[in-house]
Every structure is written in structure tokens, then in C-alpha cells.
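Here is structure.txt, consisting of compact mmCIF, C-alpha atoms:
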# COMPACT_ATOMS: atom_id res chain seq x y z
CA MET R 1 19.19 8.79 -53.84
CA ARG R 2 22.94 9.00 -53.30
CA ASP R 3 22.94 5.48 -51.81
CA TYR R 4 21.04 4.26 -54.86
CA ALA R 5 23.65 5.79 -57.18
CA VAL R 6 26.58 4.37 -55.20
CA VAL R 7 25.16 0.84 -55.21
CA GLY R 8 24.17 1.12 -58.87
CA ARG R 9 27.68 2.11 -59.91
CA GLN R 10 29.32 -0.53 -57.74
CA LEU R 11 27.22 -3.31 -59.29
CA PHE R 12 27.82 -2.27 -62.91
CA LEU R 13 30.33 -5.03 -63.66
CA GLN R 14 28.23 -7.67 -61.93
CA ARG R 15 25.13 -6.74 -63.96
CA ILE R 16 27.03 -6.73 -67.25
CA ILE R 17 28.51 -10.19 -66.59
CA ILE R 18 25.07 -11.64 -65.74
CA TYR R 19 23.31 -10.02 -68.71
CA SER R 20 26.10 -10.96 -71.12
CA ALA R 21 26.11 -14.61 -70.07
CA ALA R 22 22.31 -14.92 -70.21
CA ILE R 23 21.77 -13.12 -73.52
CA LEU R 24 24.71 -14.68 -75.31
CA LEU R 25 23.60 -18.16 -74.27
CA ALA R 26 20.12 -17.38 -75.54
CA GLY R 27 21.63 -16.16 -78.80
CA TYR R 28 23.59 -19.36 -79.23
CA TYR R 29 20.63 -21.67 -78.62
CA TYR R 30 17.88 -19.53 -80.16
CA ASP R 31 17.90 -16.43 -82.38
CA THR R 32 21.25 -14.65 -82.56
CA SER R 33 20.04 -11.39 -84.10
CA THR R 34 17.35 -10.96 -81.41
CA ALA R 35 19.88 -11.62 -78.67
CA LEU R 36 22.33 -9.06 -80.08
CA PHE R 37 19.58 -6.45 -80.35
CA PHE R 38 18.62 -6.83 -76.70
CA TYR R 39 22.31 -6.94 -75.73
CA ALA R 40 22.77 -3.54 -77.38
CA MET R 41 19.70 -2.25 -75.53
CA VAL R 42 21.18 -3.46 -72.23
CA TRP R 43 24.38 -1.48 -72.90
CA LEU R 44 22.36 1.58 -73.84
CA GLY R 45 20.44 1.36 -70.56
CA GLU R 46 23.67 0.90 -68.58
CA ALA R 47 25.24 3.92 -70.29
CA PHE R 48 22.23 6.05 -69.40
CA ASP R 49 22.17 4.83 -65.79
CA GLY R 50 25.93 5.39 -65.46
CA TYR R 51 25.55 8.99 -66.61
CA VAL R 52 22.73 9.61 -64.12
CA PHE R 53 24.66 7.99 -61.26
CA ASN R 54 27.73 10.14 -61.93
CA GLN R 55 25.61 13.30 -62.02
CA ILE R 56 23.98 12.41 -58.69
CA LEU R 57 27.31 11.69 -57.00
CA ARG R 58 28.72 15.03 -58.20
CA TRP R 59 25.68 16.88 -56.89
CA ARG R 60 26.61 18.90 -53.78
CA ASP R 61 24.02 21.67 -53.41
CA ARG R 62 20.44 21.38 -52.10
CA ASP R 63 18.68 22.45 -55.27
CA TRP R 64 15.36 20.60 -55.10
CA ALA R 65 14.73 21.23 -58.81
CA LYS R 66 17.84 19.16 -59.53
CA ALA R 67 16.67 16.52 -57.08
CA ARG R 68 13.35 16.17 -58.89
CA HIS R 69 15.19 16.03 -62.22
CA PHE R 70 17.45 13.23 -60.97
CA VAL R 71 14.47 11.27 -59.64
CA LEU R 72 12.78 11.56 -63.03
CA MET R 73 15.97 10.35 -64.74
CA ILE R 74 16.10 7.36 -62.37
CA TYR R 75 12.50 6.51 -63.24
CA ILE R 76 13.27 6.69 -66.97
CA GLY R 77 16.36 4.50 -66.59
CA THR R 78 14.47 1.99 -64.47
CA LEU R 79 11.56 1.83 -66.89
CA PHE R 80 13.90 1.34 -69.85
CA SER R 81 16.19 -1.31 -68.34
CA ALA R 82 13.38 -3.31 -66.72
CA THR R 83 11.37 -3.24 -69.97
CA VAL R 84 14.40 -4.49 -71.93
CA ILE R 85 14.87 -7.48 -69.59
CA ALA R 86 11.15 -8.25 -69.54
CA SER R 87 10.83 -7.95 -73.32
CA PHE R 88 13.86 -10.16 -73.88
CA SER R 89 12.42 -12.85 -71.59
CA ILE R 90 9.01 -12.70 -73.32
CA SER R 91 10.75 -12.86 -76.71
CA LEU R 92 12.71 -15.89 -75.59
CA ALA R 93 9.53 -17.59 -74.37
CA ALA R 94 7.82 -16.88 -77.71
CA GLN R 95 10.72 -18.51 -79.58
CA GLN R 96 10.37 -21.61 -77.38
CA GLY R 97 6.68 -22.05 -78.17
CA HIS R 98 4.01 -23.20 -75.73
CA THR R 99 6.17 -25.28 -73.43
CA MET R 100 8.09 -25.03 -70.17
CA HIS R 101 10.05 -21.75 -70.09
CA PHE R 102 12.76 -22.39 -67.52
CA TRP R 103 15.39 -20.03 -69.00
CA ALA R 104 13.04 -17.13 -69.65
CA LEU R 105 11.36 -17.36 -66.24
CA PHE R 106 14.70 -17.83 -64.48
CA MET R 107 15.96 -14.62 -66.12
CA LEU R 108 12.99 -12.68 -64.76
CA PHE R 109 13.22 -14.32 -61.34
CA SER R 110 16.94 -13.50 -61.04
CA ALA R 111 16.37 -9.90 -62.13
CA ALA R 112 13.57 -9.50 -59.57
CA ILE R 113 15.67 -10.91 -56.72
CA PHE R 114 18.61 -8.72 -57.76
CA ALA R 115 16.30 -5.68 -57.63
CA ALA R 116 14.86 -6.68 -54.24
CA ILE R 117 18.36 -6.94 -52.76
CA ASN R 118 19.94 -3.85 -54.33
CA ASN R 119 17.18 -1.35 -55.28
CA HIS R 120 15.46 -0.86 -51.92
CA GLN R 121 16.90 2.66 -51.39
CA ILE R 122 13.99 4.27 -53.27
CA LEU R 123 10.71 2.44 -52.69
CA SER R 124 8.86 3.84 -55.72
CA VAL R 125 11.71 2.80 -58.05
CA LEU R 126 11.71 -0.70 -56.58
CA VAL R 127 7.94 -0.96 -57.03
CA LEU R 128 8.22 0.17 -60.67
CA ARG R 129 10.93 -2.35 -61.50
CA LEU R 130 9.26 -5.26 -59.72
CA SER R 131 5.91 -4.42 -61.32
CA ILE R 132 7.43 -4.81 -64.78
CA TYR R 133 9.18 -8.08 -63.88
CA ILE R 134 6.08 -9.51 -62.18
CA ALA R 135 3.88 -8.57 -65.14
CA ALA R 136 6.28 -10.44 -67.46
CA LEU R 137 6.46 -13.42 -65.07
CA LEU R 138 2.67 -13.71 -65.12
CA PHE R 139 2.29 -12.97 -68.83
CA ILE R 140 4.48 -15.88 -70.02
CA PRO R 141 2.58 -18.78 -68.34
CA ILE R 142 -0.87 -17.15 -68.74
CA ARG R 143 -0.20 -16.70 -72.48
CA ASP R 144 0.50 -20.46 -72.76
CA LEU R 145 -2.63 -21.34 -70.78
CA VAL R 146 -4.84 -19.09 -72.90
CA ALA R 147 -3.36 -20.32 -76.18
CA THR R 148 -3.50 -24.06 -75.43
CA ASN R 149 -6.28 -24.36 -72.80
CA PRO R 150 -4.57 -27.43 -71.25
CA PRO R 151 -6.14 -29.71 -68.61
CA LEU R 152 -5.26 -29.07 -64.96
CA SER R 153 -2.86 -32.03 -65.03
CA SER R 154 -0.72 -30.32 -67.69
CA PRO R 155 2.82 -29.15 -66.73
CA LEU R 156 1.80 -25.69 -68.00
CA TRP R 157 -0.49 -25.33 -64.98
CA LEU R 158 2.36 -26.48 -62.70
CA GLN R 159 4.52 -23.80 -64.30
CA PHE R 160 1.84 -21.18 -63.56
CA PHE R 161 1.50 -22.24 -59.90
CA THR R 162 5.28 -22.26 -59.54
CA VAL R 163 5.38 -18.68 -60.82
CA LEU R 164 2.80 -17.69 -58.19
CA PHE R 165 4.93 -19.31 -55.48
CA VAL R 166 8.04 -17.53 -56.78
CA LEU R 167 6.20 -14.20 -56.78
CA SER R 168 5.38 -14.55 -53.07
CA PHE R 169 9.06 -15.27 -52.42
CA ILE R 170 10.15 -12.17 -54.39
CA LEU R 171 7.71 -9.93 -52.51
CA GLU R 172 8.85 -11.27 -49.14
CA CYS R 173 12.51 -10.72 -50.06
CA SER R 174 11.71 -7.16 -51.12
CA ARG R 175 9.87 -6.47 -47.87
CA SER R 176 12.65 -7.95 -45.76
CA PHE R 177 15.47 -5.97 -47.42
CA LEU R 178 13.39 -2.77 -47.39
CA VAL R 179 12.68 -3.06 -43.65
CA GLY R 180 16.34 -3.78 -42.94
CA TYR R 181 17.47 -0.80 -45.00
CA VAL R 182 15.02 1.55 -43.26
CA LYS R 183 16.23 0.38 -39.84
CA ASN R 184 19.86 0.85 -40.82
CA LEU R 185 19.10 4.28 -42.25
CA ARG R 186 17.42 5.36 -39.01
CA TYR R 187 20.37 4.04 -37.03
CA ILE R 188 22.86 5.90 -39.26
CA ASN R 189 20.84 9.12 -38.98
CA ALA R 190 20.82 8.76 -35.20
CA LEU R 191 24.59 8.26 -35.20
CA VAL R 192 25.08 11.31 -37.42
CA ALA R 193 22.92 13.43 -35.12
CA GLU R 194 24.82 12.20 -32.07
CA HIS R 195 28.12 12.88 -33.83
CA GLU R 196 27.05 16.44 -34.56
CA LYS R 197 26.13 16.93 -30.90
CA THR R 198 29.46 15.50 -29.81
CA LYS R 199 31.34 17.69 -32.27
CA ALA R 200 29.47 20.78 -31.07
CA ALA R 201 30.26 19.92 -27.45
CA TYR R 202 33.92 19.34 -28.34
CA ASN R 203 34.15 22.67 -30.14
CA ALA R 204 32.49 24.39 -27.19
CA LYS R 205 34.99 22.76 -24.85
CA GLN R 206 37.92 23.87 -27.00
CA GLU R 207 36.63 27.45 -27.15
CA PHE R 208 36.02 27.43 -23.40
CA LEU R 209 39.52 26.16 -22.64
CA ALA R 210 41.13 28.67 -24.97
CA THR R 211 39.09 31.60 -23.64
CA VAL R 212 39.44 30.75 -19.95
CA SER R 213 43.14 29.99 -20.28
CA HIS R 214 43.88 33.28 -22.00
CA GLU R 215 41.70 35.21 -19.56
CA LEU R 216 43.48 33.57 -16.60
CA ARG R 217 46.96 34.15 -17.95
CA THR R 218 46.82 37.98 -17.79
CA PRO R 219 45.89 38.38 -14.08
CA LEU R 220 48.03 35.37 -13.18
CA THR R 221 51.07 36.97 -14.76
CA ALA R 222 50.46 40.09 -12.68
CA ILE R 223 50.09 38.02 -9.49
CA LYS R 224 53.30 36.07 -10.16
CA GLY R 225 55.16 39.26 -10.98
CA ALA R 226 54.02 40.88 -7.72
CA LEU R 227 54.97 37.80 -5.68
CA GLN R 228 58.40 37.61 -7.34
CA LEU R 229 58.95 41.29 -6.61
CA ILE R 230 58.06 40.74 -2.95
CA GLY R 231 60.23 37.64 -2.78
CA SER R 232 63.23 39.50 -4.22
CA GLY R 233 63.24 41.84 -1.22
CA ALA R 234 62.86 44.95 -3.37
CA LEU R 235 59.92 46.02 -1.20
CA GLY R 236 61.57 44.97 2.04
CA THR R 237 61.95 41.75 3.96
CA VAL R 238 58.88 39.56 4.27
CA PRO R 239 57.86 39.44 7.94
CA PRO R 240 58.42 35.99 9.50
CA LYS R 241 54.72 35.66 10.34
CA MET R 242 53.85 36.19 6.66
CA GLN R 243 56.56 33.97 5.22
CA HIS R 244 54.47 30.79 5.32
CA LEU R 245 51.51 32.45 3.58
CA PHE R 246 53.85 34.04 1.05
CA ASN R 247 55.44 30.68 0.23
CA MET R 248 51.97 29.11 -0.11
CA ALA R 249 50.82 31.88 -2.47
CA SER R 250 53.99 31.57 -4.56
CA SER R 251 53.68 27.79 -4.82
CA ASN R 252 50.00 27.86 -5.74
CA SER R 253 50.47 30.63 -8.30
CA GLU R 254 53.21 28.56 -9.91
CA SER R 255 50.93 25.50 -9.99
CA LEU R 256 48.11 27.55 -11.48
CA ALA R 257 50.45 28.96 -14.14
CA ASN R 258 51.52 25.42 -15.07
CA LEU R 259 47.88 24.38 -15.36
CA VAL R 260 47.06 27.33 -17.63
CA ASN R 261 50.07 26.61 -19.83
CA ASP R 262 49.14 22.93 -20.03
CA LEU R 263 45.55 23.77 -20.97
CA LEU R 264 46.76 26.09 -23.74
CA ASP R 265 49.15 23.43 -25.03
CA LEU R 266 46.38 20.83 -24.95
CA GLN R 267 44.04 23.11 -26.87
CA ARG R 268 46.70 23.81 -29.51
CA ALA R 269 47.58 20.13 -29.84
CA GLU R 270 43.99 18.95 -30.27
CA THR R 271 43.23 21.61 -32.86
CA GLY R 272 46.43 20.96 -34.81
CA LYS R 273 47.83 24.39 -33.96
CA LEU R 274 50.83 23.21 -31.97
CA GLU R 275 53.65 25.34 -33.37
CA LEU R 276 57.02 23.70 -33.89
CA HIS R 277 60.29 25.46 -34.71
CA ILE R 278 62.21 22.59 -36.23
CA GLU R 279 66.00 22.81 -36.28
CA PRO R 280 68.91 20.39 -35.92
CA ILE R 281 69.59 19.81 -32.23
CA GLU R 282 72.07 17.57 -30.45
CA LEU R 283 69.82 15.51 -28.22
CA GLY R 284 72.53 14.62 -25.73
CA ALA R 285 73.31 18.27 -24.98
CA VAL R 286 69.61 19.13 -24.71
CA ALA R 287 69.05 16.19 -22.36
CA ALA R 288 72.06 17.12 -20.19
CA ALA R 289 70.87 20.73 -19.84
CA THR R 290 67.34 19.59 -19.00
CA VAL R 291 68.64 17.13 -16.39
CA ASP R 292 70.70 19.88 -14.73
CA ARG R 293 67.69 22.16 -14.66
CA THR R 294 65.50 19.45 -13.12
CA ARG R 295 67.91 18.41 -10.37
CA PRO R 296 66.55 20.90 -7.78
CA TYR R 297 63.02 19.57 -8.37
CA ALA R 298 64.20 15.95 -7.95
CA ALA R 299 66.06 16.93 -4.78
CA ARG R 300 62.75 17.89 -3.20
CA PHE R 301 61.87 14.17 -3.31
CA ASP R 302 65.40 13.14 -2.24
CA VAL R 303 65.95 11.62 -5.69
CA THR R 304 69.19 11.87 -7.68
CA LEU R 305 69.37 12.12 -11.47
CA HIS R 306 72.21 10.32 -13.23
CA MET R 307 72.81 10.68 -16.96
CA GLU R 308 75.07 8.20 -18.68
CA GLN R 309 77.74 9.89 -20.77
CA PRO R 310 76.89 9.42 -24.46
CA LYS R 311 79.67 7.95 -26.59
CA ARG R 312 78.82 10.18 -29.54
CA GLU R 313 76.55 13.00 -30.65
CA TYR R 314 72.91 12.30 -31.46
CA TRP R 315 71.47 14.81 -33.94
CA VAL R 316 67.74 15.08 -34.61
CA ASN R 317 65.46 17.64 -36.28
CA ALA R 318 63.13 18.92 -33.58
CA ASP R 319 61.80 21.87 -31.65
CA ARG R 320 64.27 22.34 -28.78
CA HIS R 321 61.72 23.93 -26.43
CA ARG R 322 59.10 21.21 -27.01
CA ILE R 323 61.59 18.36 -26.60
CA GLU R 324 62.76 19.94 -23.34
CA GLN R 325 59.11 20.12 -22.26
CA VAL R 326 58.70 16.38 -22.89
CA LEU R 327 61.93 15.55 -21.04
CA VAL R 328 60.92 17.68 -18.04
CA ASN R 329 57.61 15.78 -17.86
CA MET R 330 59.42 12.44 -17.98
CA LEU R 331 62.04 13.46 -15.40
CA SER R 332 59.57 15.07 -12.99
CA ASN R 333 57.29 12.02 -13.11
CA ALA R 334 60.25 9.70 -12.53
CA ALA R 335 61.31 11.78 -9.50
CA LYS R 336 57.79 12.02 -8.08
CA PHE R 337 57.12 8.30 -8.28
CA SER R 338 60.51 7.12 -7.04
CA GLU R 339 61.13 5.99 -3.50
CA THR R 340 62.84 8.41 -1.11
CA GLY R 341 66.57 8.28 -1.73
CA GLY R 342 65.95 6.77 -5.17
CA ARG R 343 67.85 7.15 -8.40
CA VAL R 344 66.71 8.03 -11.93
CA GLU R 345 68.90 7.04 -14.89
CA ILE R 346 68.91 8.82 -18.25
CA SER R 347 70.47 7.19 -21.31
CA LEU R 348 70.74 7.69 -25.07
CA GLY R 349 71.04 5.14 -27.85
CA ALA R 350 70.55 4.62 -31.60
CA HIS R 351 69.02 1.77 -33.58
CA ASP R 352 67.91 1.58 -37.22
CA ASP R 353 68.28 5.33 -37.84
CA GLN R 354 66.22 6.06 -34.71
CA ILE R 355 67.47 7.94 -31.66
CA SER R 356 66.04 6.82 -28.35
CA LEU R 357 66.24 8.65 -25.01
CA ALA R 358 65.19 6.66 -21.95
CA VAL R 359 64.38 7.74 -18.40
CA LYS R 360 64.46 4.83 -15.95
CA ASP R 361 63.29 4.92 -12.34
CA TYR R 362 63.12 2.30 -9.61
CA GLY R 363 59.87 3.49 -8.12
CA ILE R 364 56.38 2.12 -7.61
CA GLY R 365 55.86 1.06 -11.24
CA ILE R 366 52.60 1.01 -13.16
CA PRO R 367 50.00 -1.81 -12.84
CA LYS R 368 49.15 -3.54 -16.10
CA ASP R 369 45.46 -2.69 -15.79
CA ALA R 370 46.31 1.01 -15.43
CA SER R 371 48.74 1.34 -18.35
CA GLU R 372 46.10 2.90 -20.62
CA LYS R 373 45.63 5.79 -18.18
CA VAL R 374 49.22 6.99 -18.51
CA PHE R 375 48.59 9.13 -21.60
CA GLU R 376 44.98 10.10 -20.88
CA GLN R 377 43.96 13.69 -20.17
CA PHE R 378 43.57 14.79 -16.53
CA SER R 379 44.58 11.33 -15.45
CA GLN R 380 47.22 9.64 -13.35
CA VAL R 381 47.58 5.96 -12.57
CA ASN R 382 45.98 6.48 -9.19
CA SER R 383 43.62 9.39 -8.59
CA SER R 384 45.29 9.93 -5.20
CA ASP R 385 48.59 10.53 -7.01
CA ILE R 386 47.42 13.99 -8.06
CA ARG R 387 46.76 14.98 -4.49
CA ARG R 388 49.93 13.37 -3.10
CA HIS R 389 52.41 14.31 -5.82
CA GLY R 390 50.71 17.26 -7.49
CA GLY R 391 50.45 17.87 -11.22
CA THR R 392 47.68 18.57 -13.71
CA GLY R 393 47.39 15.10 -15.19
CA LEU R 394 48.05 16.61 -18.62
CA GLY R 395 51.82 16.35 -18.95
CA MET R 396 52.09 12.92 -20.56
CA ASN R 397 49.09 13.52 -22.82
CA ILE R 398 50.68 16.74 -24.10
CA SER R 399 54.03 14.96 -24.44
CA ARG R 400 52.41 12.35 -26.68
CA HIS R 401 50.92 15.09 -28.88
CA ILE R 402 54.34 16.77 -29.11
CA MET R 403 56.10 13.54 -30.10
CA GLN R 404 53.42 12.71 -32.67
CA ALA R 405 53.83 16.19 -34.18
CA HIS R 406 57.55 15.40 -34.52
CA GLY R 407 56.82 12.10 -36.24
CA GLY R 408 58.26 10.31 -33.21
CA GLU R 409 56.75 8.42 -30.32
CA ILE R 410 56.73 8.19 -26.54
CA ASP R 411 56.11 4.94 -24.73
CA PHE R 412 57.06 3.07 -21.60
CA GLU R 413 57.81 -0.29 -20.02
CA SER R 414 56.98 -0.92 -16.40
CA VAL R 415 56.82 -3.59 -13.72
CA GLU R 416 54.72 -2.82 -10.67
CA GLY R 417 56.88 -2.46 -7.56
CA VAL R 418 60.11 -2.54 -9.62
CA GLY R 419 60.08 0.66 -11.66
CA SER R 420 59.34 2.19 -15.05
CA THR R 421 61.28 3.19 -18.15
CA PHE R 422 59.81 5.94 -20.31
CA TYR R 423 61.45 6.59 -23.66
CA VAL R 424 61.08 8.87 -26.64
CA THR R 425 62.15 8.01 -30.17
CA LEU R 426 63.03 10.39 -33.00
CA ALA R 427 64.49 9.93 -36.49
CA GLU R 428 68.23 10.62 -36.62
CA ASP R 429 69.39 13.54 -38.78
CA LYS R 430 71.64 11.81 -41.32
CA THR R 431 72.79 15.09 -42.89
CA ILE R 432 75.04 15.76 -39.88
CA ARG R 433 77.93 13.44 -39.18
CA PRO R 434 77.96 12.77 -35.42
CA GLN R 435 81.24 13.37 -33.62
CA PRO R 436 82.53 11.16 -30.80
CA ILE R 437 82.41 12.68 -27.33
CA PRO R 438 85.75 12.61 -25.46
CA ASP R 439 85.94 10.57 -22.28
CA MET R 440 87.04 13.68 -20.36
CA ARG R 441 83.46 14.94 -20.55
CA LYS R 442 82.02 14.56 -17.07
CA SER R 443 78.74 12.80 -16.50
CA ALA R 444 75.85 15.16 -16.05
Would you mind giving the structure from this file in C-alpha cells?
Amino acid sequence: MRDYAVVGRQLFLQRIIIYSAAILLAGYYYDTSTALFFYAMVWLGEAFDGYVFNQILRWRDRDWAKARHFVLMIYIGTLFSATVIASFSISLAAQQGHTMHFWALFMLFSAAIFAAINNHQILSVLVLRLSIYIAALLFIPIRDLVATNPPLSSPLWLQFFTVLFVLSFILECSRSFLVGYVKNLRYINALVAEHEKTKAAYNAKQEFLATVSHELRTPLTAIKGALQLIGSGALGTVPPKMQHLFNMASSNSESLANLVNDLLDLQRAETGKLELHIEPIELGAVAAATVDRTRPYAARFDVTLHMEQPKREYWVNADRHRIEQVLVNMLSNAAKFSETGGRVEISLGAHDDQISLAVKDYGIGIPKDASEKVFEQFSQVNSSDIRRHGGTGLGMNISRHIMQAHGGEIDFESVEGVGSTFYVTLAEDKTIRPQPIPDMRKSA
């Protein structure tokens, strides 16, 4: 019923143009007063249908009494409008006398085809409308045959047989469009049902991630705290025989904590609950501090981090903690996938009111056919990378969510075997006038 109303409202202008042209032409060549009367009836029917369509499209509840009322209103509108068109065509044929009625029959044929194409949403309504048009199509030539009783060679008989042929064409068109609509409706219903299942599974996954992550965080915090206390020597020196196991427990607890934090961030990002504390920050200073903090991690891979000294300040409105999180992901990935003894370069620049921070490595690079995996969840370019280099496979996906929440972007350029350049872009804060940075400032 809603589909019927949508299509009916969309085709209002098209119907009016067709009816206006047909009736006004008939008025010019035949009786003007009759044409104007039926033209007014057409507008009355359209006004009634328009009111019913609007009421249906505003209907939101599942009140079946209203549904039955709307169906009845559709029947009334259909009966009225179809009767007007049929009566007008019969009137036009009567004015022409007992002769060939091309214009009158063409009007009915066009109206029937229009109904077959556009009124198949409700079968009973289509049957009602076509019944009226078909009755008029048969009445016009049969009336001439009864009144004149012509021989079989008369063109009036040819007109009658032509009408029969046209009727078979109309019925076939109606059947074809009705079958197609039913198939499409079943397909759409299947898609809707599948979408609901997918949405339910997604919601279940989100609730599971949130619950498990929160439940893991509490005991994990206690475990990390106990290990840190032992490592500090407050409870005595760790025996040499236990040192290896202690280091393994500390490392794995840290990895598990990172996984829990990443899962929580992912859950917040996908549900639109990623909190941002936006403030003006100087991106160069934030980058320099993050680089210094990441140097020990890069040293584990025998990789050095080199940040080019910015020539001026670069102010953006962002969440300092989240931007640092993105930079740590970029720097740690660059270090992990660089060759031993490699170098990672960090640079800042501005273009068209956009600040860009780039992290360039000279490592293994990313194959073209694997570029889509970079920002996927639980994914790295090579599945063996997770085992060899560690990581959750969530860092870059979370980084993309963070940058999108800032209205910025994160992307990369890479050549396999040569290296990769990852960069983030943010809008520059034009309310703060950037100051030049003196040359005496040492490179981070």
C-alpha cells in the first residue's frame, strides 16, 4: 500500500500532462463544454487520490482499522478516476458517431497500459481499474456493431477484432509487471530479513566485545600491578631462574592490555561513542614528544627515528591523546616493518589550510594487491606479520576512526621493497598565528 502511494504521488505530474493534452484536444475538435466537465472531474479525482496518498505515507502505526480504511479509500479513488476516463472516452465515441474511434480507443488503451505498468502493487485495485477500462473498450465497438449491423467486411468489425487483440496485449502486460513486482518484493523482503539478522549479529558482537573487554580489564590491571611491584624490587630481587618467566609474563600482560584497550577503542569508534577532548594543540610539539617516547621501542628493532625540524608552528584543533595514539601506531608500524639498522623520517608540512604529518620508512613496503588490508580490522598485510612482529591488527583501523572523528584523514603511499609513507591530515587552526621556530632548536 505504501509503494502504491509513493508511485501514485510520483506520477501525478505525468498523469496531469497526459490527461490535459488528451481532453483539451478533444475539446478543441469536438465539444468544449463536455471536455471541460471531464477535465474538472479528473482534477477532482487527483485531489482525492493525493489526499489519500499523503495520509498513507504519514501512517506509522500498525492500526489495521486504519489500513482497511485506506484500502477502501483507494478503491473509491480508483473507481472514480477510472470511471471518469472510461465515461469521457465513451462520450467522445458517441460524439463521433458510428465510425472508427481511434482517439477514444487510444485513450482507453493508454490508460490501461499505464495502469498495468504502475498499479500492480495491489492486485485487486489493478483488477478493478482494468475491468472498467476493458468494459469501455468493448462497449464502444460493440455499440457500433449493434446499432449498424454491418457486414463482416466492414471496418467496424476490424475495429472490434483489433480491440480484442489489444485486450490480450494489456492482460499480458499486466501479468508480466505483476510477476516482476512480486519477485522483486520477495527479494527485498529477503534482503530486509538478512539485514536484520546481520544487524542483530553486529549488535551481539559489539555487546560481547564491550562486556569481555571490561571484564578482562579489572583482573588484568591487578596482574600488571603485581608484576610491576615485583619488577620494582619492592618484594625483593627476582631470582635469576625466575627472571625469564617474569619477563615473559610482563611482556604478555602488556600485550594483552594493549589488545583490551584496542578492543574498547574499536567498540567505541564503531558505535559513535569515541570521546574527543578537542583543544588547540601544536602538532610539531606533540609529534616530537611522541617520537621521543617511541625511540626505545624502535631501538628494539635497531631502527632510528629522525624528525625534521619544523620551520614554524602547526596549530590544529584535536584531541592530544588520540592524535598521539595515531602517531604511535604509525611510528611503531614503521619501526616494525623497517630493515635492521633502518631509518624512519618524520616531517610536517602545510598546504591549502591543511596540516600534514608524514612518517616515512625504507622497509619492505606494501604490495598493491594488499593495500586494502592496511585499514581492515584484525588484519595485517601478511598474516605472518602478526606472529613475527606482534600487534593486534587493530591499530590502523582505530587510527582511521580517530582521524575521521577529527574530520581529517589517514592514508599512505608505498612501493613494495622500497618503503612506505603514512600521513595524517588535519585542518589548520587559523585563529592562532603560527610563530617561526628558531634554528637553535635541535632536531628531535
Could you please determine the separation between CA of Leu227 in chain R and CA of Tyr297 in chain R in Å, to one decimal place?
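Between CA of Leu227 in chain R and CA of Tyr297 in chain R the gap works out to 20.1 Å.
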Which is closer to Ser174 in chain R than all the others in R:Ala136, R:Ile278, R:Ile142, R:Leu130, using only C-alpha atoms?
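Residue with the minimum atom-to-atom distance to Ser174 in chain R: R:Leu130.
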Between R:Ile346, R:Val125, R:Val42, R:His98, which one has atoms that come closest to Asn149 in chain R, using all atoms listed in the file?
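Among the listed residues, R:His98 lies closest to Asn149 in chain R.
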So, counting all atoms listed in the file, which residue among R:Asp353, R:Asp3, R:Asp319, R:Glu194 is closest to Gln121 in chain R?
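Nearest to Gln121 in chain R: R:Asp3.
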Smallest atom-to-atom distance to Arg68 in chain R: which of R:Met1, R:Ile113, R:Leu357, R:Leu92, using all atoms listed in the file?
R:Met1
Need to verify the contact set: range 22-28 of chain R, 9 Å, all atoms listed in the file, exclusion of same-chain residues closer than 2 positions in sequence. Can you return it as a VMD selection string?
chain R and resid 17 to 20 30 to 36 38 to 39 88 92 103 107
Atom-to-atom span, CA of Leu126 in chain R and CA of Leu158 in chain R, Å:
28.1 Å
Kindly indicate which residue among R:Trp43, R:Ser176, R:Glu413, R:Asp49 lies nearest to Val6 in chain R, using all atoms listed in the file for the distances.
R:Asp49
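For Leu220 in chain R, the residues within 10 Å (counting all atoms listed in the file, excluding itself and residues fewer than 5 positions away along the chain) are His214, Glu215, Gly225, Ala226, Ser253, Glu254, Leu256, Ala257 and Val260 of chain R.
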Minimum-distance residue to Ile281 in chain R, chosen among R:Ala200, R:Met396, R:Leu426, R:Val52 (using all atoms listed in the file)
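Distance minimum relative to Ile281 in chain R lands on R:Leu426.
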One decimal, Å: what's the distance from CA of Asp361 in chain R over to CA of His321 in chain R, could you say?
23.7 Å
Restrict the calculation to all atoms listed in the file, then for each residue of range 126-153 of chain R with any atom at most 8 Å from an atom of range 74-85 of chain R give the closest atom pair and their distance in Å to one decimal, rows by chain and rising residue number, as a tab-separated table.
residue	atom	partner	partner_atom	distance
R:Leu128	CA	R:Leu79	CA	7.3
R:Arg129	CA	R:Ala82	CA	5.8
R:Ile132	CA	R:Ala82	CA	6.4
R:Tyr133	CA	R:Ala82	CA	7.0
For range 55-60 of chain R, please output as an MDAnalysis selection string all residues within 7 Å (counting all atoms listed in the file; exclusion window: fewer than 2 positions along the same chain).
chainID R and resid 2 5 51:53 62 70
Which residues are close to Ala427 in chain R, i.e. within 7 Å by only C-alpha atoms, leaving aside same-chain residues fewer than 5 positions away? Reply as a ChimeraX atom specification.
/R:316,353-355
Expected file: the selected residues, C-alpha atoms, as a PDB file, in the frame of the given file:
ATOM      1  CA  VAL R 316      67.740  15.080 -34.610  1.00  0.00           C
ATOM      2  CA  ASP R 353      68.280   5.330 -37.840  1.00  0.00           C
ATOM      3  CA  GLN R 354      66.220   6.060 -34.710  1.00  0.00           C
ATOM      4  CA  ILE R 355      67.470   7.940 -31.660  1.00  0.00           C
TER       5      ILE R 355
END
May I have the residues at most 12 Å from (14.9, -2.7, -45.4) in the file's coordinates, counting only C-alpha atoms, as number ranges by chain?
R: 116-123, 126, 172-186
